[in-house]
Amino acid sequence: MRALYRYTLLTSVCLLIGAAQAGVLDDARRSEQLRIGLDHVPPVYKGGMKFRTPENIATVLAEDLAAQWKLKADLQPNVADRAALKGMRPDVVLTRVDPARSNVADATLIPTGYSAGGMAIMRSDTTIRKWDDLKGRTVCVSSGSPYVGTLSARYGAIEKVMPAPADSLLAVRIGQCDAAVHDDTLLKVLLKLPEWKKFSAQLAPVSRQVLVLQVRGNDPADLAAARQAAARWNDAFWLNAIRKWVNNVAFEVYLDQNVPDCH
């Protein structure tokens, strides 16, 4: 009996140690669900809703990451207080950081290959020549944008937060906003489209950040799997993702534009 007790106790201890040492990816595979933290989680699309491409292009990586690992993506907001989520921490996080930032407590940062700064675009005949000229002017940004709040604080602009990029850009085309601010990485491609020639005035990008993949903990297997997944996000991947984002948003603007921009 004593030997059996010792064996049972030893087995239980080993199981506990093994569980404690298990990586977040092991946990995700057991639940078949990958918790991914995002700076902004777009609303879940429901029947009857107007489809909109979200501001946060990190959603593309979230979908790709879950697909690579054959798991279901559970998108969660990046918030300090996770009480609303019953204390569940994301397994991985996709977030933007300053390029000079290299360390995060209890996490490893893996580059994704995407970086962007805030760029303003306006009508070609605008009188806005520099960022300070935005003072008192109406500037559109979209929900979830990293630039929300920064334009009023830095330049005294009147921010108009729209549901999605297409709504923000449409507002510029029909004169509801003097400018729209989004990622320069996306807008520079958008402005190559002929229908945006009359809205190609721009302010040089500011506040550049890089998009990184954060892995909670330091389990070697987790880090290896994350780095292998991120290796897929090369120049060709981003070229395709950016073009798709731009084409989708441009088409959404085209469908919704009711006021001609011929003045």
# chains A, B, ... in the order shown; residues from 1 in each chain; ligands from 1
call {"tool": "closest_atom_pairs", "arguments": {"of": "region 166-220 of chain A", "to": "region 43-60 of chain A", "cutoff": "9 Å", "atoms": "only C-alpha atoms", "output": "Markdown table"}}
result
| residue | atom | partner | partner_atom | distance |
| --- | --- | --- | --- | --- |
| A:Ala166 | CA | A:Arg52 | CA | 7.1 |
| A:Asp167 | CA | A:Arg52 | CA | 8.7 |
| A:His182 | CA | A:Glu55 | CA | 8.1 |
| A:Asp183 | CA | A:Glu55 | CA | 8.9 |
| A:Leu211 | CA | A:Ala58 | CA | 7.8 |
call {"tool": "write_last_selection", "arguments": {"atoms": "N, CA, C and O atoms", "output": "CSV table (one decimal), in the first residue's frame"}}
result
chain,number,residue,atom,x,y,z
A,166,ALA,N,-13.3,52.4,-45.2
A,166,ALA,CA,-14.1,52.9,-46.4
A,166,ALA,C,-15.0,54.1,-46.0
A,166,ALA,O,-15.2,55.0,-46.8
A,167,ASP,N,-15.6,54.1,-44.8
A,167,ASP,CA,-16.4,55.2,-44.4
A,167,ASP,C,-15.6,56.5,-44.2
A,167,ASP,O,-16.0,57.6,-44.6
A,182,HIS,N,-4.7,57.2,-42.2
A,182,HIS,CA,-4.6,55.7,-42.1
A,182,HIS,C,-3.1,55.3,-42.3
A,182,HIS,O,-2.3,56.2,-42.5
A,183,ASP,N,-2.8,54.1,-42.3
A,183,ASP,CA,-1.5,53.6,-42.5
A,183,ASP,C,-0.9,54.0,-43.8
A,183,ASP,O,-1.6,53.8,-44.9
A,211,LEU,N,4.6,46.1,-36.5
A,211,LEU,CA,3.6,45.1,-36.0
A,211,LEU,C,4.4,43.8,-35.6
A,211,LEU,O,5.2,43.3,-36.4
call {"tool": "select_by_dssp", "arguments": {"residues": "region 11-247 of chain A", "states": "alpha helix (DSSP H)", "output": "ChimeraX atom specification"}}
result
/A:11-21,24-31,58-68,150-155,165-173,184-190,220-230,235-247
call {"tool": "residues_around", "arguments": {"residues": "Leu170 (chain A)", "least_positions_apart": "5", "cutoff": "12 Å", "atoms": "only C-alpha atoms", "output": "CSV table (one decimal) with all heavy atoms, in the first residue's frame"}}
result
chain,number,residue,atom,x,y,z
A,121,ILE,N,-4.4,61.9,-46.2
A,121,ILE,CA,-4.6,62.2,-47.6
A,121,ILE,C,-5.8,63.1,-47.7
A,121,ILE,O,-6.7,63.1,-46.8
A,121,ILE,CB,-4.9,60.9,-48.4
A,121,ILE,CG1,-6.2,60.2,-48.0
A,121,ILE,CG2,-3.7,60.0,-48.4
A,121,ILE,CD1,-6.6,59.1,-49.0
A,122,MET,N,-5.8,64.0,-48.7
A,122,MET,CA,-6.8,65.1,-48.9
A,122,MET,C,-7.1,65.3,-50.4
A,122,MET,O,-6.4,64.7,-51.2
A,122,MET,CB,-6.2,66.3,-48.2
A,122,MET,CG,-5.9,66.2,-46.8
A,122,MET,SD,-4.5,67.2,-46.3
A,122,MET,CE,-3.1,66.4,-47.1
A,123,ARG,N,-8.0,66.2,-50.6
A,123,ARG,CA,-8.3,66.6,-52.0
A,123,ARG,C,-7.0,67.3,-52.5
A,123,ARG,O,-6.2,67.9,-51.8
A,123,ARG,CB,-9.4,67.6,-52.1
A,123,ARG,CG,-10.8,67.0,-51.9
A,123,ARG,CD,-11.9,68.1,-52.1
A,123,ARG,NE,-11.8,68.7,-53.4
A,123,ARG,CZ,-12.4,68.2,-54.5
A,123,ARG,NH1,-13.3,67.2,-54.4
A,123,ARG,NH2,-12.3,68.8,-55.6
A,140,CYS,N,-10.9,62.5,-40.6
A,140,CYS,CA,-11.5,61.2,-40.4
A,140,CYS,C,-10.5,60.2,-40.0
A,140,CYS,O,-9.4,60.1,-40.6
A,140,CYS,CB,-12.3,60.8,-41.6
A,140,CYS,SG,-14.0,61.5,-41.7
A,141,VAL,N,-10.9,59.3,-39.1
A,141,VAL,CA,-10.1,58.1,-38.8
A,141,VAL,C,-11.2,57.0,-38.6
A,141,VAL,O,-12.3,57.3,-38.4
A,141,VAL,CB,-9.3,58.3,-37.5
A,141,VAL,CG1,-8.1,59.2,-37.7
A,141,VAL,CG2,-10.1,58.8,-36.3
A,142,SER,N,-10.7,55.8,-38.6
A,142,SER,CA,-11.7,54.7,-38.4
A,142,SER,C,-11.5,54.0,-37.1
A,142,SER,O,-10.5,54.1,-36.5
A,142,SER,CB,-11.6,53.7,-39.6
A,142,SER,OG,-10.4,53.1,-39.6
A,162,MET,N,-15.0,57.1,-37.7
A,162,MET,CA,-15.9,56.4,-38.6
A,162,MET,C,-15.9,54.9,-38.3
A,162,MET,O,-14.9,54.4,-37.8
A,162,MET,CB,-15.6,56.7,-40.1
A,162,MET,CG,-15.5,58.2,-40.4
A,162,MET,SD,-17.0,59.1,-40.1
A,162,MET,CE,-17.9,58.6,-41.6
A,163,PRO,N,-16.9,54.1,-38.7
A,163,PRO,CA,-16.9,52.7,-38.4
A,163,PRO,C,-15.8,51.9,-39.0
A,163,PRO,O,-15.3,51.0,-38.5
A,163,PRO,CB,-18.3,52.2,-39.0
A,163,PRO,CG,-19.1,53.5,-39.0
A,163,PRO,CD,-18.2,54.6,-39.3
A,164,ALA,N,-15.3,52.3,-40.2
A,164,ALA,CA,-14.3,51.5,-41.0
A,164,ALA,C,-13.6,52.4,-41.9
A,164,ALA,O,-14.0,53.6,-42.2
A,164,ALA,CB,-15.0,50.4,-41.7
A,165,PRO,N,-12.4,52.0,-42.5
A,165,PRO,CA,-11.7,52.8,-43.5
A,165,PRO,C,-12.5,53.3,-44.6
A,165,PRO,O,-12.3,54.4,-45.1
A,165,PRO,CB,-10.6,51.8,-43.9
A,165,PRO,CG,-10.4,50.9,-42.8
A,165,PRO,CD,-11.7,50.7,-42.2
A,175,GLY,N,-16.6,65.4,-49.1
A,175,GLY,CA,-16.5,66.7,-48.4
A,175,GLY,C,-16.9,66.7,-47.0
A,175,GLY,O,-17.0,67.8,-46.4
A,176,GLN,N,-17.1,65.6,-46.3
A,176,GLN,CA,-17.5,65.6,-44.9
A,176,GLN,C,-16.3,65.8,-44.0
A,176,GLN,O,-16.4,66.2,-42.8
A,176,GLN,CB,-18.2,64.3,-44.5
A,176,GLN,CG,-19.6,64.2,-45.2
A,176,GLN,CD,-20.3,63.0,-44.8
A,176,GLN,OE1,-19.8,62.1,-44.1
A,176,GLN,NE2,-21.6,62.8,-45.2
A,177,CYS,N,-15.1,65.4,-44.5
A,177,CYS,CA,-13.9,65.6,-43.8
A,177,CYS,C,-12.8,66.2,-44.6
A,177,CYS,O,-12.8,66.1,-45.9
A,177,CYS,CB,-13.3,64.2,-43.3
A,177,CYS,SG,-14.3,63.5,-42.0
A,178,ASP,N,-11.9,67.0,-44.0
A,178,ASP,CA,-10.9,67.7,-44.7
A,178,ASP,C,-9.7,66.7,-45.1
A,178,ASP,O,-8.9,66.9,-46.0
A,178,ASP,CB,-10.3,68.9,-43.9
A,178,ASP,CG,-11.4,69.9,-43.7
A,178,ASP,OD1,-11.9,70.4,-44.7
A,178,ASP,OD2,-11.7,70.2,-42.5
A,179,ALA,N,-9.6,65.7,-44.3
A,179,ALA,CA,-8.5,64.7,-44.5
A,179,ALA,C,-8.9,63.4,-43.8
A,179,ALA,O,-9.8,63.3,-43.0
A,179,ALA,CB,-7.2,65.2,-43.8
A,180,ALA,N,-8.2,62.4,-44.2
A,180,ALA,CA,-8.3,61.0,-43.6
A,180,ALA,C,-7.0,60.5,-43.3
A,180,ALA,O,-6.0,60.7,-44.0
A,180,ALA,CB,-9.1,60.1,-44.5
A,196,TRP,N,-8.3,57.8,-57.5
A,196,TRP,CA,-7.9,58.6,-56.3
A,196,TRP,C,-7.0,59.7,-56.7
A,196,TRP,O,-6.4,60.3,-55.8
A,196,TRP,CB,-7.3,57.6,-55.3
A,196,TRP,CG,-8.3,56.8,-54.6
A,196,TRP,CD1,-8.8,55.6,-55.0
A,196,TRP,CD2,-9.1,57.1,-53.5
A,196,TRP,NE1,-9.8,55.1,-54.2
A,196,TRP,CE2,-10.0,56.1,-53.2
A,196,TRP,CE3,-9.1,58.2,-52.6
A,196,TRP,CZ2,-10.9,56.1,-52.2
A,196,TRP,CZ3,-10.0,58.2,-51.5
A,196,TRP,CH2,-10.9,57.2,-51.3
A,199,PHE,N,-7.6,63.0,-55.0
A,199,PHE,CA,-7.5,62.9,-53.6
A,199,PHE,C,-6.1,62.5,-53.1
A,199,PHE,O,-6.0,61.7,-52.2
A,199,PHE,CB,-8.6,62.0,-53.0
A,199,PHE,CG,-10.0,62.5,-53.4
A,199,PHE,CD1,-10.5,62.0,-54.6
A,199,PHE,CD2,-10.7,63.4,-52.6
A,199,PHE,CE1,-11.8,62.4,-55.0
A,199,PHE,CE2,-11.9,63.8,-53.0
A,199,PHE,CZ,-12.5,63.3,-54.2
A,249,VAL,N,-11.3,47.9,-49.9
A,249,VAL,CA,-11.7,49.2,-49.4
A,249,VAL,C,-12.1,50.1,-50.6
A,249,VAL,O,-13.1,50.8,-50.5
A,249,VAL,CB,-10.6,49.8,-48.6
A,249,VAL,CG1,-10.9,51.3,-48.2
A,249,VAL,CG2,-10.4,49.0,-47.3
A,250,ALA,N,-11.3,50.1,-51.6
A,250,ALA,CA,-11.7,51.0,-52.8
A,250,ALA,C,-13.0,50.6,-53.4
A,250,ALA,O,-13.8,51.5,-53.7
A,250,ALA,CB,-10.6,50.9,-53.8
A,251,PHE,N,-13.3,49.3,-53.4
A,251,PHE,CA,-14.6,48.8,-53.9
A,251,PHE,C,-15.7,49.2,-53.0
A,251,PHE,O,-16.8,49.6,-53.5
A,251,PHE,CB,-14.6,47.3,-54.1
A,251,PHE,CG,-15.8,46.8,-54.8
A,251,PHE,CD1,-16.1,47.1,-56.1
A,251,PHE,CD2,-16.6,45.8,-54.1
A,251,PHE,CE1,-17.3,46.6,-56.7
A,251,PHE,CE2,-17.8,45.3,-54.8
A,251,PHE,CZ,-18.1,45.7,-56.0
A,252,GLU,N,-15.5,49.1,-51.7
A,252,GLU,CA,-16.5,49.5,-50.7
A,252,GLU,C,-16.9,51.0,-50.9
A,252,GLU,O,-18.0,51.4,-50.8
A,252,GLU,CB,-16.1,49.2,-49.3
A,252,GLU,CG,-16.0,47.7,-49.0
A,252,GLU,CD,-15.1,47.3,-47.9
A,252,GLU,OE1,-14.8,48.2,-47.1
A,252,GLU,OE2,-14.8,46.1,-47.7
A,253,VAL,N,-15.8,51.8,-51.1
A,253,VAL,CA,-16.0,53.2,-51.3
A,253,VAL,C,-16.8,53.5,-52.5
A,253,VAL,O,-17.8,54.3,-52.6
A,253,VAL,CB,-14.7,54.0,-51.3
A,253,VAL,CG1,-14.9,55.5,-51.7
A,253,VAL,CG2,-14.0,53.9,-50.0
A,254,TYR,N,-16.4,52.8,-53.6
A,254,TYR,CA,-17.1,52.9,-54.9
A,254,TYR,C,-18.6,52.6,-54.8
A,254,TYR,O,-19.5,53.3,-55.3
A,254,TYR,CB,-16.4,52.0,-55.9
A,254,TYR,CG,-17.2,51.8,-57.2
A,254,TYR,CD1,-17.2,52.8,-58.2
A,254,TYR,CD2,-18.0,50.7,-57.4
A,254,TYR,CE1,-18.0,52.7,-59.3
A,254,TYR,CE2,-18.7,50.5,-58.6
A,254,TYR,CZ,-18.7,51.5,-59.6
A,254,TYR,OH,-19.4,51.4,-60.7
A,255,LEU,N,-18.9,51.5,-54.1
A,255,LEU,CA,-20.3,51.1,-54.0
A,255,LEU,C,-21.1,52.1,-53.2
A,255,LEU,O,-22.3,52.3,-53.5
A,255,LEU,CB,-20.4,49.7,-53.3
A,255,LEU,CG,-19.9,48.5,-54.0
A,255,LEU,CD1,-20.1,47.3,-53.2
A,255,LEU,CD2,-20.7,48.4,-55.3
A,256,ASP,N,-20.5,52.8,-52.2
A,256,ASP,CA,-21.3,53.7,-51.3
A,256,ASP,C,-21.3,55.1,-51.8
A,256,ASP,O,-22.1,55.9,-51.2
A,256,ASP,CB,-20.7,53.6,-49.9
A,256,ASP,CG,-21.3,52.5,-49.1
A,256,ASP,OD1,-21.9,51.6,-49.7
A,256,ASP,OD2,-21.3,52.5,-47.9
A,257,GLN,N,-20.5,55.5,-52.8
A,257,GLN,CA,-20.4,56.9,-53.1
A,257,GLN,C,-21.7,57.3,-53.9
A,257,GLN,O,-22.0,56.8,-55.0
A,257,GLN,CB,-19.2,57.2,-54.0
A,257,GLN,CG,-19.1,58.6,-54.3
A,257,GLN,CD,-17.7,59.1,-54.4
A,257,GLN,OE1,-16.8,58.3,-54.6
A,257,GLN,NE2,-17.5,60.4,-54.3
A,258,ASN,N,-22.4,58.2,-53.3
A,258,ASN,CA,-23.6,58.7,-53.9
A,258,ASN,C,-23.5,60.1,-54.4
A,258,ASN,O,-24.3,60.6,-55.2
A,258,ASN,CB,-24.8,58.7,-52.8
A,258,ASN,CG,-25.1,57.2,-52.4
A,258,ASN,OD1,-25.1,56.3,-53.2
A,258,ASN,ND2,-25.2,57.0,-51.1
A,259,VAL,N,-22.5,60.9,-53.8
A,259,VAL,CA,-22.3,62.3,-54.2
A,259,VAL,C,-21.1,62.3,-55.2
A,259,VAL,O,-20.0,61.9,-54.9
A,259,VAL,CB,-22.0,63.1,-53.0
A,259,VAL,CG1,-21.8,64.6,-53.4
A,259,VAL,CG2,-23.1,63.0,-52.0
A,260,PRO,N,-21.3,62.8,-56.4
A,260,PRO,CA,-20.2,62.9,-57.4
A,260,PRO,C,-19.1,63.8,-56.9
A,260,PRO,O,-19.4,64.9,-56.3
A,260,PRO,CB,-20.9,63.5,-58.6
A,260,PRO,CG,-22.1,64.2,-58.1
A,260,PRO,CD,-22.6,63.4,-56.9
A,261,ASP,N,-17.9,63.5,-57.2
A,261,ASP,CA,-16.7,64.3,-56.8
A,261,ASP,C,-16.2,65.0,-58.0
A,261,ASP,O,-15.0,64.9,-58.3
A,261,ASP,CB,-15.7,63.4,-56.1
A,261,ASP,CG,-15.4,62.2,-56.9
A,261,ASP,OD1,-15.2,62.3,-58.1
A,261,ASP,OD2,-15.3,61.1,-56.3
call {"tool": "residues_around", "arguments": {"residues": "Lys70 (chain A)", "least_positions_apart": "3", "cutoff": "10 Å", "atoms": "only C-alpha atoms", "output": "tab-separated table (two decimals) with C-alpha atoms, in the first residue's frame"}}
result
chain	number	residue	atom	x	y	z
A	29	ARG	CA	-4.24	22.37	-29.35
A	32	GLU	CA	-8.60	23.43	-30.52
A	33	GLN	CA	-8.83	27.17	-30.04
A	34	LEU	CA	-6.12	29.83	-30.29
A	64	ASP	CA	-3.32	32.95	-41.23
A	65	LEU	CA	-1.75	31.97	-37.91
A	66	ALA	CA	-4.80	30.00	-36.83
A	67	ALA	CA	-4.96	28.30	-40.24
A	73	ALA	CA	-9.12	31.77	-33.87
call {"tool": "residues_around", "arguments": {"residues": "region 225-229 of chain A", "least_positions_apart": "6", "cutoff": "12 Å", "atoms": "only C-alpha atoms", "output": "ChimeraX atom specification"}}
result
/A:23-26,61-70,91-94,108-113,212-216,218-219
call {"tool": "residues_around", "arguments": {"residues": "Leu186 (chain A)", "least_positions_apart": "5", "cutoff": "8 Å", "atoms": "only C-alpha atoms", "output": "list in words"}}
result
Ile242, Trp245 and Val246 of chain A
call {"tool": "closest_atom_pairs", "arguments": {"of": "region 170-251 of chain A", "to": "region 127-130 of chain A", "cutoff": "12 Å", "atoms": "only C-alpha atoms", "output": "tab-separated table"}}
result
residue	atom	partner	partner_atom	distance
A:Asp178	CA	A:Ile128	CA	8.6
A:Ala179	CA	A:Ile128	CA	8.9
A:Ala201	CA	A:Ile128	CA	8.8
A:Gln202	CA	A:Arg129	CA	8.2
A:Leu203	CA	A:Lys130	CA	6.3
A:Ala204	CA	A:Lys130	CA	8.5
A:Pro205	CA	A:Lys130	CA	11.0
A:Val206	CA	A:Lys130	CA	11.6
call {"tool": "closest_residue", "arguments": {"among": "A:His40, A:Arg35, A:Lys188, A:Arg232", "to": "Arg96 (chain A)", "atoms": "only C-alpha atoms"}}
result
A:His40
call {"tool": "closest_residue", "arguments": {"among": "A:Thr138, A:Asn234, A:Ser115, A:Asn78", "to": "Asp184 (chain A)", "atoms": "only C-alpha atoms"}}
result
A:Ser115
call {"tool": "select_by_dssp", "arguments": {"residues": "region 42-255 of chain A", "states": "strand (DSSP E or B)", "output": "PyMOL selection string"}}
result
chain A and resi 72-77+92-97+104+107-122+138-142+158-162+179-183+201-216
call {"tool": "decode", "arguments": {"residues": "region 43-54 of chain A", "atoms": "N, CA and C atoms", "output": "mmCIF file, in the first residue's frame"}}
result
data_model
loop_
_atom_site.group_PDB
_atom_site.id
_atom_site.type_symbol
_atom_site.label_atom_id
_atom_site.label_comp_id
_atom_site.auth_asym_id
_atom_site.auth_seq_id
_atom_site.Cartn_x
_atom_site.Cartn_y
_atom_site.Cartn_z
ATOM 1 N N PRO A 43 -16.046 44.171 -35.297
ATOM 2 C CA PRO A 43 -17.330 43.544 -34.971
ATOM 3 C C PRO A 43 -17.530 42.268 -35.788
ATOM 4 N N VAL A 44 -18.163 41.292 -35.178
ATOM 5 C CA VAL A 44 -18.449 40.043 -35.885
ATOM 6 C C VAL A 44 -19.511 40.309 -36.945
ATOM 7 N N TYR A 45 -19.228 39.882 -38.153
ATOM 8 C CA TYR A 45 -20.173 40.111 -39.246
ATOM 9 C C TYR A 45 -21.422 39.263 -39.053
ATOM 10 N N LYS A 46 -22.573 39.889 -39.223
ATOM 11 C CA LYS A 46 -23.855 39.192 -39.129
ATOM 12 C C LYS A 46 -24.671 39.485 -40.379
ATOM 13 N N GLY A 47 -25.557 38.581 -40.695
ATOM 14 C CA GLY A 47 -26.388 38.745 -41.881
ATOM 15 C C GLY A 47 -27.142 40.062 -41.873
ATOM 16 N N GLY A 48 -27.104 40.766 -42.998
ATOM 17 C CA GLY A 48 -27.789 42.047 -43.088
ATOM 18 C C GLY A 48 -26.885 43.233 -42.846
ATOM 19 N N MET A 49 -25.728 42.986 -42.240
ATOM 20 C CA MET A 49 -24.781 44.068 -42.002
ATOM 21 C C MET A 49 -24.084 44.446 -43.306
ATOM 22 N N LYS A 50 -23.669 45.692 -43.392
ATOM 23 C CA LYS A 50 -22.857 46.131 -44.523
ATOM 24 C C LYS A 50 -21.428 45.673 -44.280
ATOM 25 N N PHE A 51 -20.878 44.895 -45.216
ATOM 26 C CA PHE A 51 -19.530 44.385 -44.990
ATOM 27 C C PHE A 51 -18.515 45.509 -45.113
ATOM 28 N N ARG A 52 -17.574 45.526 -44.171
ATOM 29 C CA ARG A 52 -16.518 46.526 -44.179
ATOM 30 C C ARG A 52 -15.173 45.855 -43.862
ATOM 31 N N THR A 53 -14.171 46.202 -44.641
ATOM 32 C CA THR A 53 -12.812 45.750 -44.351
ATOM 33 C C THR A 53 -12.326 46.477 -43.111
ATOM 34 N N PRO A 54 -11.798 45.765 -42.118
ATOM 35 C CA PRO A 54 -11.401 46.433 -40.875
ATOM 36 C C PRO A 54 -10.120 47.231 -41.010
#
